[in-house]
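Engineer: One structure coming up, written as structure tokens, with questions to follow.
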Amino acid sequence: AQKVTQAQTEISVVEKEDVTLDCVYETRDTTYYLFWYKQPPSGELVFLIRRNSFDEQNEISGRYSWNFQKSTSSFNFTITASQVVDSAVYFCALSEVLTTRMKTSYDKVIFGPGTSLSVIP
Amino acid sequence: NAGVTQTPKFQVLKTGQSMTLQCAQDMNHNSMYWYRQDPGMGLRLIYYSASEGTTDKGEVPNGYNVSRLNKREFSLRLESAAPSQTSVYFCASSDTGGTGELFFGEGSRLTVL
């Protein structure tokens, strides 16, 4: 069965430090999708990035970067020069492939337990 | 720009009472989802609907029923609420199933006494 593990329950860093949030996943599928979402203290869920299993290129978006390594089943998220506004709970998620005789779909999205990041000024 | 709308935002129930959480999206998405969020557990999938007329169990379906009334609406029903169902419930939708971004509602906080 598919599973997403985020071993870091809570992390505290001082502003401007770099921080990496770990995500390890389990799946027997060869095709799957991975995601990161952010949940700030206000409670809404914000999509950050999607990666499919065939694209192992690392991605950078401003201060955010993602390192996808199929060999270790990891999809880690790094925030460079952290800011107070980065304080939030971050969730890693995996899209499960469901195959029937009629079609293959990816509708079941499973989340990890989340990592609570506190950035201290 | 309503997006995904959930009602009610807050609800207090007594054990054994029933209630329905309503969810509607105006983005013409095919897939809709119900999650519950509990401290330390992340978001756990209760039920999902890949398209109008279909529903499937997620990770924690026991004690819940769902209805995909039409393409816009996906409701979650608690027939006999239990304290273990105290949680924050999120509805989400996606136009590409599980391959793309999920759009979430604001959440519904349910307390069962």
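Residue names in the structure tokens use chain letters A, B, ... in the order shown, residue numbers from 1 in each chain, and ligand numbers from 1 in the order shown.
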Find the residues near Ser87 (chain B): any atom within 9 Å, counting only C-alpha atoms, skip ones fewer than 3 places away on the same chain, and give them as a list of chain:residue names.

Structural biologist: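 Listing them by chain and then by number gives B:Arg36, B:Gln37, B:Asp38, B:Pro39, B:Ser84, B:Ser108, B:Arg109, B:Leu110, B:Thr111, B:Val112.
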
Engineer: Limited to N, CA, C and O atoms, could you put the picked residues into a file as a PDB file, in the first residue's frame?

Structural biologist:
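Result file again_12.pdb:
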ATOM      1  N   ARG B  36     -10.183  14.321   6.555  1.00  0.00           N
ATOM      2  CA  ARG B  36     -10.249  14.812   7.915  1.00  0.00           C
ATOM      3  C   ARG B  36      -8.822  15.081   8.395  1.00  0.00           C
ATOM      4  O   ARG B  36      -7.877  14.382   8.007  1.00  0.00           O
ATOM      5  N   GLN B  37      -8.688  16.133   9.212  1.00  0.00           N
ATOM      6  CA  GLN B  37      -7.381  16.504   9.735  1.00  0.00           C
ATOM      7  C   GLN B  37      -7.403  16.449  11.245  1.00  0.00           C
ATOM      8  O   GLN B  37      -8.203  17.144  11.890  1.00  0.00           O
ATOM      9  N   ASP B  38      -6.531  15.647  11.795  1.00  0.00           N
ATOM     10  CA  ASP B  38      -6.372  15.520  13.241  1.00  0.00           C
ATOM     11  C   ASP B  38      -4.920  15.790  13.604  1.00  0.00           C
ATOM     12  O   ASP B  38      -4.016  15.484  12.815  1.00  0.00           O
ATOM     13  N   PRO B  39      -4.668  16.349  14.781  1.00  0.00           N
ATOM     14  CA  PRO B  39      -3.292  16.680  15.184  1.00  0.00           C
ATOM     15  C   PRO B  39      -2.367  15.467  15.065  1.00  0.00           C
ATOM     16  O   PRO B  39      -2.678  14.390  15.562  1.00  0.00           O
ATOM     17  N   SER B  84     -14.935  10.207  18.409  1.00  0.00           N
ATOM     18  CA  SER B  84     -13.748   9.988  17.570  1.00  0.00           C
ATOM     19  C   SER B  84     -13.845  10.709  16.225  1.00  0.00           C
ATOM     20  O   SER B  84     -12.837  10.807  15.493  1.00  0.00           O
ATOM     21  N   SER B 108     -14.269  22.521   7.831  1.00  0.00           N
ATOM     22  CA  SER B 108     -15.415  22.522   8.746  1.00  0.00           C
ATOM     23  C   SER B 108     -14.970  21.872  10.047  1.00  0.00           C
ATOM     24  O   SER B 108     -14.521  20.727  10.036  1.00  0.00           O
ATOM     25  N   ARG B 109     -15.105  22.629  11.128  1.00  0.00           N
ATOM     26  CA  ARG B 109     -14.677  22.102  12.428  1.00  0.00           C
ATOM     27  C   ARG B 109     -15.869  21.462  13.114  1.00  0.00           C
ATOM     28  O   ARG B 109     -16.851  22.146  13.415  1.00  0.00           O
ATOM     29  N   LEU B 110     -15.769  20.173  13.354  1.00  0.00           N
ATOM     30  CA  LEU B 110     -16.855  19.410  13.961  1.00  0.00           C
ATOM     31  C   LEU B 110     -16.423  18.893  15.322  1.00  0.00           C
ATOM     32  O   LEU B 110     -15.356  18.298  15.466  1.00  0.00           O
ATOM     33  N   THR B 111     -17.261  19.151  16.317  1.00  0.00           N
ATOM     34  CA  THR B 111     -17.025  18.637  17.664  1.00  0.00           C
ATOM     35  C   THR B 111     -18.176  17.737  18.051  1.00  0.00           C
ATOM     36  O   THR B 111     -19.343  18.127  17.934  1.00  0.00           O
ATOM     37  N   VAL B 112     -17.838  16.521  18.491  1.00  0.00           N
ATOM     38  CA  VAL B 112     -18.865  15.580  18.938  1.00  0.00           C
ATOM     39  C   VAL B 112     -18.678  15.351  20.436  1.00  0.00           C
ATOM     40  O   VAL B 112     -17.632  14.877  20.885  1.00  0.00           O
TER      41      VAL B 112
END

Engineer: Just want the 10 Å neighbourhood of region 6-9 of chain A, counted on only C-alpha atoms, with same-chain residues fewer than 5 positions away dropped. Output as a VMD selection string.

Structural biologist: (chain A and resid 20 to 25 76 89 to 93 111 to 117) or (chain B and resid 40 42)

Engineer: Let me see the file: selected residues, N, CA, C and O atoms, as a PDB file, in the first residue's frame.

Structural biologist:
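Generated output (again29.pdb):
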ATOM      1  N   THR A  20      15.467  22.034   5.625  1.00  0.00           N
ATOM      2  CA  THR A  20      15.008  20.992   4.718  1.00  0.00           C
ATOM      3  C   THR A  20      13.963  20.124   5.398  1.00  0.00           C
ATOM      4  O   THR A  20      14.187  19.640   6.511  1.00  0.00           O
ATOM      5  N   LEU A  21      12.842  19.948   4.723  1.00  0.00           N
ATOM      6  CA  LEU A  21      11.755  19.115   5.218  1.00  0.00           C
ATOM      7  C   LEU A  21      11.800  17.793   4.449  1.00  0.00           C
ATOM      8  O   LEU A  21      11.813  17.789   3.220  1.00  0.00           O
ATOM      9  N   ASP A  22      11.827  16.707   5.194  1.00  0.00           N
ATOM     10  CA  ASP A  22      11.994  15.397   4.569  1.00  0.00           C
ATOM     11  C   ASP A  22      10.646  14.756   4.254  1.00  0.00           C
ATOM     12  O   ASP A  22       9.681  14.889   5.011  1.00  0.00           O
ATOM     13  N   CYS A  23      10.626  14.021   3.153  1.00  0.00           N
ATOM     14  CA  CYS A  23       9.445  13.248   2.767  1.00  0.00           C
ATOM     15  C   CYS A  23       9.926  11.938   2.153  1.00  0.00           C
ATOM     16  O   CYS A  23      10.705  11.948   1.200  1.00  0.00           O
ATOM     17  N   VAL A  24       9.465  10.849   2.709  1.00  0.00           N
ATOM     18  CA  VAL A  24       9.785   9.523   2.169  1.00  0.00           C
ATOM     19  C   VAL A  24       8.475   8.834   1.841  1.00  0.00           C
ATOM     20  O   VAL A  24       7.526   8.884   2.622  1.00  0.00           O
ATOM     21  N   TYR A  25       8.407   8.216   0.701  1.00  0.00           N
ATOM     22  CA  TYR A  25       7.154   7.596   0.272  1.00  0.00           C
ATOM     23  C   TYR A  25       7.371   6.130  -0.069  1.00  0.00           C
ATOM     24  O   TYR A  25       8.492   5.691  -0.324  1.00  0.00           O
ATOM     25  N   ASN A  76      12.324  15.714  -0.947  1.00  0.00           N
ATOM     26  CA  ASN A  76      12.598  16.673   0.114  1.00  0.00           C
ATOM     27  C   ASN A  76      12.433  18.118  -0.354  1.00  0.00           C
ATOM     28  O   ASN A  76      12.653  18.440  -1.522  1.00  0.00           O
ATOM     29  N   VAL A  89       2.479  24.477   8.603  1.00  0.00           N
ATOM     30  CA  VAL A  89       2.594  23.030   8.531  1.00  0.00           C
ATOM     31  C   VAL A  89       2.722  22.665   7.058  1.00  0.00           C
ATOM     32  O   VAL A  89       1.950  23.164   6.224  1.00  0.00           O
ATOM     33  N   TYR A  90       3.681  21.824   6.747  1.00  0.00           N
ATOM     34  CA  TYR A  90       3.924  21.429   5.368  1.00  0.00           C
ATOM     35  C   TYR A  90       3.615  19.939   5.197  1.00  0.00           C
ATOM     36  O   TYR A  90       4.067  19.100   5.982  1.00  0.00           O
ATOM     37  N   PHE A  91       2.836  19.656   4.177  1.00  0.00           N
ATOM     38  CA  PHE A  91       2.418  18.288   3.902  1.00  0.00           C
ATOM     39  C   PHE A  91       2.991  17.800   2.580  1.00  0.00           C
ATOM     40  O   PHE A  91       2.926  18.500   1.569  1.00  0.00           O
ATOM     41  N   CYS A  92       3.498  16.596   2.607  1.00  0.00           N
ATOM     42  CA  CYS A  92       3.893  15.892   1.399  1.00  0.00           C
ATOM     43  C   CYS A  92       2.751  14.933   1.048  1.00  0.00           C
ATOM     44  O   CYS A  92       2.084  14.397   1.941  1.00  0.00           O
ATOM     45  N   ALA A  93       2.495  14.731  -0.237  1.00  0.00           N
ATOM     46  CA  ALA A  93       1.378  13.867  -0.638  1.00  0.00           C
ATOM     47  C   ALA A  93       1.767  13.021  -1.842  1.00  0.00           C
ATOM     48  O   ALA A  93       2.646  13.383  -2.622  1.00  0.00           O
ATOM     49  N   PHE A 111      -1.867  11.859   2.014  1.00  0.00           N
ATOM     50  CA  PHE A 111      -0.979  12.838   2.616  1.00  0.00           C
ATOM     51  C   PHE A 111      -0.149  12.226   3.740  1.00  0.00           C
ATOM     52  O   PHE A 111      -0.562  11.266   4.395  1.00  0.00           O
ATOM     53  N   GLY A 112       1.026  12.814   3.956  1.00  0.00           N
ATOM     54  CA  GLY A 112       1.817  12.479   5.124  1.00  0.00           C
ATOM     55  C   GLY A 112       1.286  13.207   6.350  1.00  0.00           C
ATOM     56  O   GLY A 112       0.366  14.024   6.244  1.00  0.00           O
ATOM     57  N   PRO A 113       1.870  12.952   7.520  1.00  0.00           N
ATOM     58  CA  PRO A 113       1.377  13.560   8.765  1.00  0.00           C
ATOM     59  C   PRO A 113       1.716  15.032   8.914  1.00  0.00           C
ATOM     60  O   PRO A 113       1.178  15.697   9.799  1.00  0.00           O
ATOM     61  N   GLY A 114       2.610  15.532   8.088  1.00  0.00           N
ATOM     62  CA  GLY A 114       2.938  16.952   8.143  1.00  0.00           C
ATOM     63  C   GLY A 114       4.131  17.263   9.032  1.00  0.00           C
ATOM     64  O   GLY A 114       4.439  16.527   9.976  1.00  0.00           O
ATOM     65  N   THR A 115       4.819  18.348   8.704  1.00  0.00           N
ATOM     66  CA  THR A 115       5.911  18.888   9.514  1.00  0.00           C
ATOM     67  C   THR A 115       5.565  20.329   9.860  1.00  0.00           C
ATOM     68  O   THR A 115       5.306  21.137   8.959  1.00  0.00           O
ATOM     69  N   SER A 116       5.558  20.628  11.137  1.00  0.00           N
ATOM     70  CA  SER A 116       5.264  21.986  11.586  1.00  0.00           C
ATOM     71  C   SER A 116       6.566  22.769  11.666  1.00  0.00           C
ATOM     72  O   SER A 116       7.460  22.430  12.440  1.00  0.00           O
ATOM     73  N   LEU A 117       6.674  23.803  10.864  1.00  0.00           N
ATOM     74  CA  LEU A 117       7.872  24.633  10.817  1.00  0.00           C
ATOM     75  C   LEU A 117       7.613  25.955  11.515  1.00  0.00           C
ATOM     76  O   LEU A 117       6.657  26.655  11.179  1.00  0.00           O
TER      77      LEU A 117
ATOM     78  N   GLY B  40      -1.235  15.658  14.397  1.00  0.00           N
ATOM     79  CA  GLY B  40      -0.243  14.590  14.266  1.00  0.00           C
ATOM     80  C   GLY B  40      -0.574  13.525  13.247  1.00  0.00           C
ATOM     81  O   GLY B  40       0.232  12.623  13.009  1.00  0.00           O
ATOM     82  N   GLY B  42      -2.009  14.328  10.068  1.00  0.00           N
ATOM     83  CA  GLY B  42      -2.071  14.867   8.718  1.00  0.00           C
ATOM     84  C   GLY B  42      -3.493  14.878   8.188  1.00  0.00           C
ATOM     85  O   GLY B  42      -4.461  14.931   8.949  1.00  0.00           O
TER      86      GLY B  42
END

Engineer: Could you give me, as a tab-separated table, a per-residue list for chain A showing, wherever an atom lies at most 12 Å from an atom of chain B, the closest pair of atoms and their distance in Å to one decimal, using only C-alpha atoms and sorting by chain then residue number from low to high?

Structural biologist:
residue	atom	partner	partner_atom	distance
A:Ala1	CA	B:Glu59	CA	10.7
A:Gln2	CA	B:Glu59	CA	10.6
A:Lys3	CA	B:Glu59	CA	10.8
A:Val4	CA	B:Gly42	CA	10.2
A:Thr5	CA	B:Gly42	CA	10.3
A:Gln6	CA	B:Gly42	CA	9.8
A:Ala7	CA	B:Gly40	CA	11.0
A:Gln8	CA	B:Gly40	CA	10.8
A:Thr9	CA	B:Gly40	CA	7.6
A:Glu10	CA	B:Gly40	CA	10.0
A:Thr31	CA	B:Thr99	CA	10.5
A:Tyr32	CA	B:Thr99	CA	8.1
A:Tyr33	CA	B:Thr99	CA	6.1
A:Leu34	CA	B:Thr99	CA	8.6
A:Phe35	CA	B:Glu101	CA	8.2
A:Trp36	CA	B:Glu101	CA	9.8
A:Tyr37	CA	B:Leu102	CA	9.4
A:Lys38	CA	B:Phe104	CA	11.7
A:Gln39	CA	B:Gly42	CA	10.8
A:Ser42	CA	B:Glu106	CA	9.6
A:Gly43	CA	B:Glu106	CA	7.3
A:Glu44	CA	B:Glu106	CA	5.8
A:Leu45	CA	B:Phe104	CA	6.3
A:Val46	CA	B:Phe104	CA	8.1
A:Phe47	CA	B:Glu101	CA	6.4
A:Leu48	CA	B:Glu101	CA	8.8
A:Ile49	CA	B:Glu101	CA	8.2
A:Arg50	CA	B:Gly100	CA	7.0
A:Arg51	CA	B:Thr99	CA	9.0
A:Asn52	CA	B:Thr99	CA	8.1
A:Ser53	CA	B:Thr99	CA	10.9
A:Val89	CA	B:Gly42	CA	9.4
A:Tyr90	CA	B:Gly42	CA	9.5
A:Phe91	CA	B:Gly42	CA	7.4
A:Cys92	CA	B:Gly42	CA	9.5
A:Ala93	CA	B:Leu43	CA	9.4
A:Leu94	CA	B:Gly98	CA	8.5
A:Ser95	CA	B:Gly98	CA	5.4
A:Glu96	CA	B:Gly98	CA	7.5
A:Val97	CA	B:Gly98	CA	8.5
A:Leu98	CA	B:Gly98	CA	10.2
A:Lys103	CA	B:Ala50	CA	11.9
A:Thr104	CA	B:Gly97	CA	11.0
A:Ser105	CA	B:Gly97	CA	7.3
A:Tyr106	CA	B:Gly98	CA	4.6
A:Asp107	CA	B:Gly98	CA	4.1
A:Lys108	CA	B:Gly98	CA	5.9
A:Val109	CA	B:Gly98	CA	5.7
A:Ile110	CA	B:Leu45	CA	6.7
A:Phe111	CA	B:Leu43	CA	5.7
A:Gly112	CA	B:Gly42	CA	5.8
A:Pro113	CA	B:Gly42	CA	3.7
A:Gly114	CA	B:Gly42	CA	5.5
A:Thr115	CA	B:Gly40	CA	8.9
A:Ser116	CA	B:Gly40	CA	9.6

Engineer: Store the residues picked out above, limited to C-alpha atoms, as a compact mmCIF listing (two decimals), in the first residue's frame.

Structural biologist:
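See again_38.txt below for the written result:
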# COMPACT_ATOMS: atom_id res chain seq x y z
CA ALA A 1 0.00 0.00 0.00
CA GLN A 2 1.04 3.56 -0.59
CA LYS A 3 2.41 5.50 2.34
CA VAL A 4 3.95 8.90 2.99
CA THR A 5 6.27 9.49 5.93
CA GLN A 6 7.38 12.84 7.26
CA ALA A 7 9.61 11.94 10.16
CA GLN A 8 10.11 15.51 11.36
CA THR A 9 7.09 16.41 13.45
CA GLU A 10 8.24 19.91 14.39
CA THR A 31 3.98 5.90 -12.26
CA TYR A 32 2.91 8.23 -9.49
CA TYR A 33 2.72 11.88 -8.53
CA LEU A 34 4.17 13.67 -5.54
CA PHE A 35 3.07 16.99 -4.07
CA TRP A 36 3.86 19.51 -1.37
CA TYR A 37 1.20 21.64 0.31
CA LYS A 38 1.50 24.42 2.87
CA GLN A 39 -0.97 25.12 5.67
CA SER A 42 -4.86 30.67 9.09
CA GLY A 43 -5.71 27.07 8.15
CA GLU A 44 -6.09 27.07 4.38
CA LEU A 45 -4.21 24.55 2.28
CA VAL A 46 -1.95 25.93 -0.43
CA PHE A 47 -0.52 23.90 -3.29
CA LEU A 48 3.25 24.34 -3.75
CA ILE A 49 4.48 21.81 -6.29
CA ARG A 50 3.74 18.63 -8.22
CA ARG A 51 6.27 16.15 -9.55
CA ASN A 52 5.63 12.99 -11.58
CA SER A 53 7.71 9.87 -11.16
CA VAL A 89 2.59 23.03 8.53
CA TYR A 90 3.92 21.43 5.37
CA PHE A 91 2.42 18.29 3.90
CA CYS A 92 3.89 15.89 1.40
CA ALA A 93 1.38 13.87 -0.64
CA LEU A 94 1.35 10.93 -3.05
CA SER A 95 -1.16 10.15 -5.77
CA GLU A 96 -2.03 6.50 -5.90
CA VAL A 97 -2.56 4.76 -9.21
CA LEU A 98 -5.77 2.79 -9.47
CA LYS A 103 -8.87 2.65 -17.22
CA THR A 104 -6.03 3.77 -15.06
CA SER A 105 -6.72 6.70 -12.80
CA TYR A 106 -4.83 8.59 -10.16
CA ASP A 107 -7.64 9.85 -8.04
CA LYS A 108 -6.58 8.76 -4.58
CA VAL A 109 -4.28 11.33 -3.02
CA ILE A 110 -2.68 10.38 0.29
CA PHE A 111 -0.98 12.84 2.62
CA GLY A 112 1.82 12.48 5.12
CA PRO A 113 1.38 13.56 8.76
CA GLY A 114 2.94 16.95 8.14
CA THR A 115 5.91 18.89 9.51
CA SER A 116 5.26 21.99 11.59

Engineer: Nearest to Val84 (chain A): which of A:Ile60, A:Val19, A:Val14, A:Val119 is it, counting only C-alpha atoms?

Structural biologist: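 Answer, going by the shortest atom-to-atom distance: A:Val119.
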
Engineer: Could you write out, as a count of residues only, all the residues of chain B that DSSP marks as helix (DSSP H, G or I)?

Structural biologist: 6

Engineer: Record the distance separating CA of Tyr89 (chain B) and CA of Thr20 (chain B), expressed in Å with one decimal.

Structural biologist: 11.5 Å

Engineer: Work out how far CA of Ser80 (chain B) is from CA of Ile46 (chain B), in Å to one decimal.

Structural biologist: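 Between CA of Ile46 (chain B) and CA of Ser80 (chain B) the gap works out to 16.0 Å.
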
Engineer: Find the residues near Gly3 (chain B): any atom within 7 Å, counting only C-alpha atoms, skip ones fewer than 3 places away on the same chain, and give them as a PyMOL selection string.

Structural biologist: chain B and resi 25-27

Engineer: Save the residues we just selected, all heavy atoms, as a short mmCIF file (atom, residue, chain, number, x, y, z; two decimals), in the first residue's frame?

Structural biologist:
data_model
loop_
_atom_site.label_atom_id
_atom_site.label_comp_id
_atom_site.auth_asym_id
_atom_site.auth_seq_id
_atom_site.Cartn_x
_atom_site.Cartn_y
_atom_site.Cartn_z
N GLN B 25 -18.37 22.90 -5.58
CA GLN B 25 -17.28 23.58 -6.30
C GLN B 25 -17.84 24.14 -7.60
O GLN B 25 -18.70 23.54 -8.24
CB GLN B 25 -16.10 22.64 -6.54
CG GLN B 25 -16.42 21.30 -7.16
CD GLN B 25 -16.35 21.25 -8.67
OE1 GLN B 25 -15.92 22.20 -9.32
NE2 GLN B 25 -16.77 20.12 -9.24
N ASP B 26 -17.31 25.29 -7.98
CA ASP B 26 -17.81 25.96 -9.18
C ASP B 26 -16.75 25.99 -10.28
O ASP B 26 -16.79 26.87 -11.15
CB ASP B 26 -18.30 27.36 -8.84
CG ASP B 26 -17.19 28.25 -8.30
OD1 ASP B 26 -16.02 27.79 -8.22
OD2 ASP B 26 -17.48 29.40 -7.95
N MET B 27 -15.81 25.06 -10.25
CA MET B 27 -14.72 25.04 -11.22
C MET B 27 -14.89 23.94 -12.27
O MET B 27 -13.97 23.68 -13.04
CB MET B 27 -13.39 24.86 -10.47
CG MET B 27 -13.09 26.02 -9.53
SD MET B 27 -11.66 25.75 -8.48
CE MET B 27 -12.36 24.68 -7.24
#

Engineer: Kindly indicate which residue among A:Thr27, A:Phe54, A:Ser118, A:Pro41 lies nearest to Ser82 (chain A), using only C-alpha atoms for the distances.

Structural biologist: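 Checking each of A:Thr27, A:Phe54, A:Ser118, A:Pro41 against Ser82 (chain A), counting only C-alpha atoms, the winner is A:Ser118.
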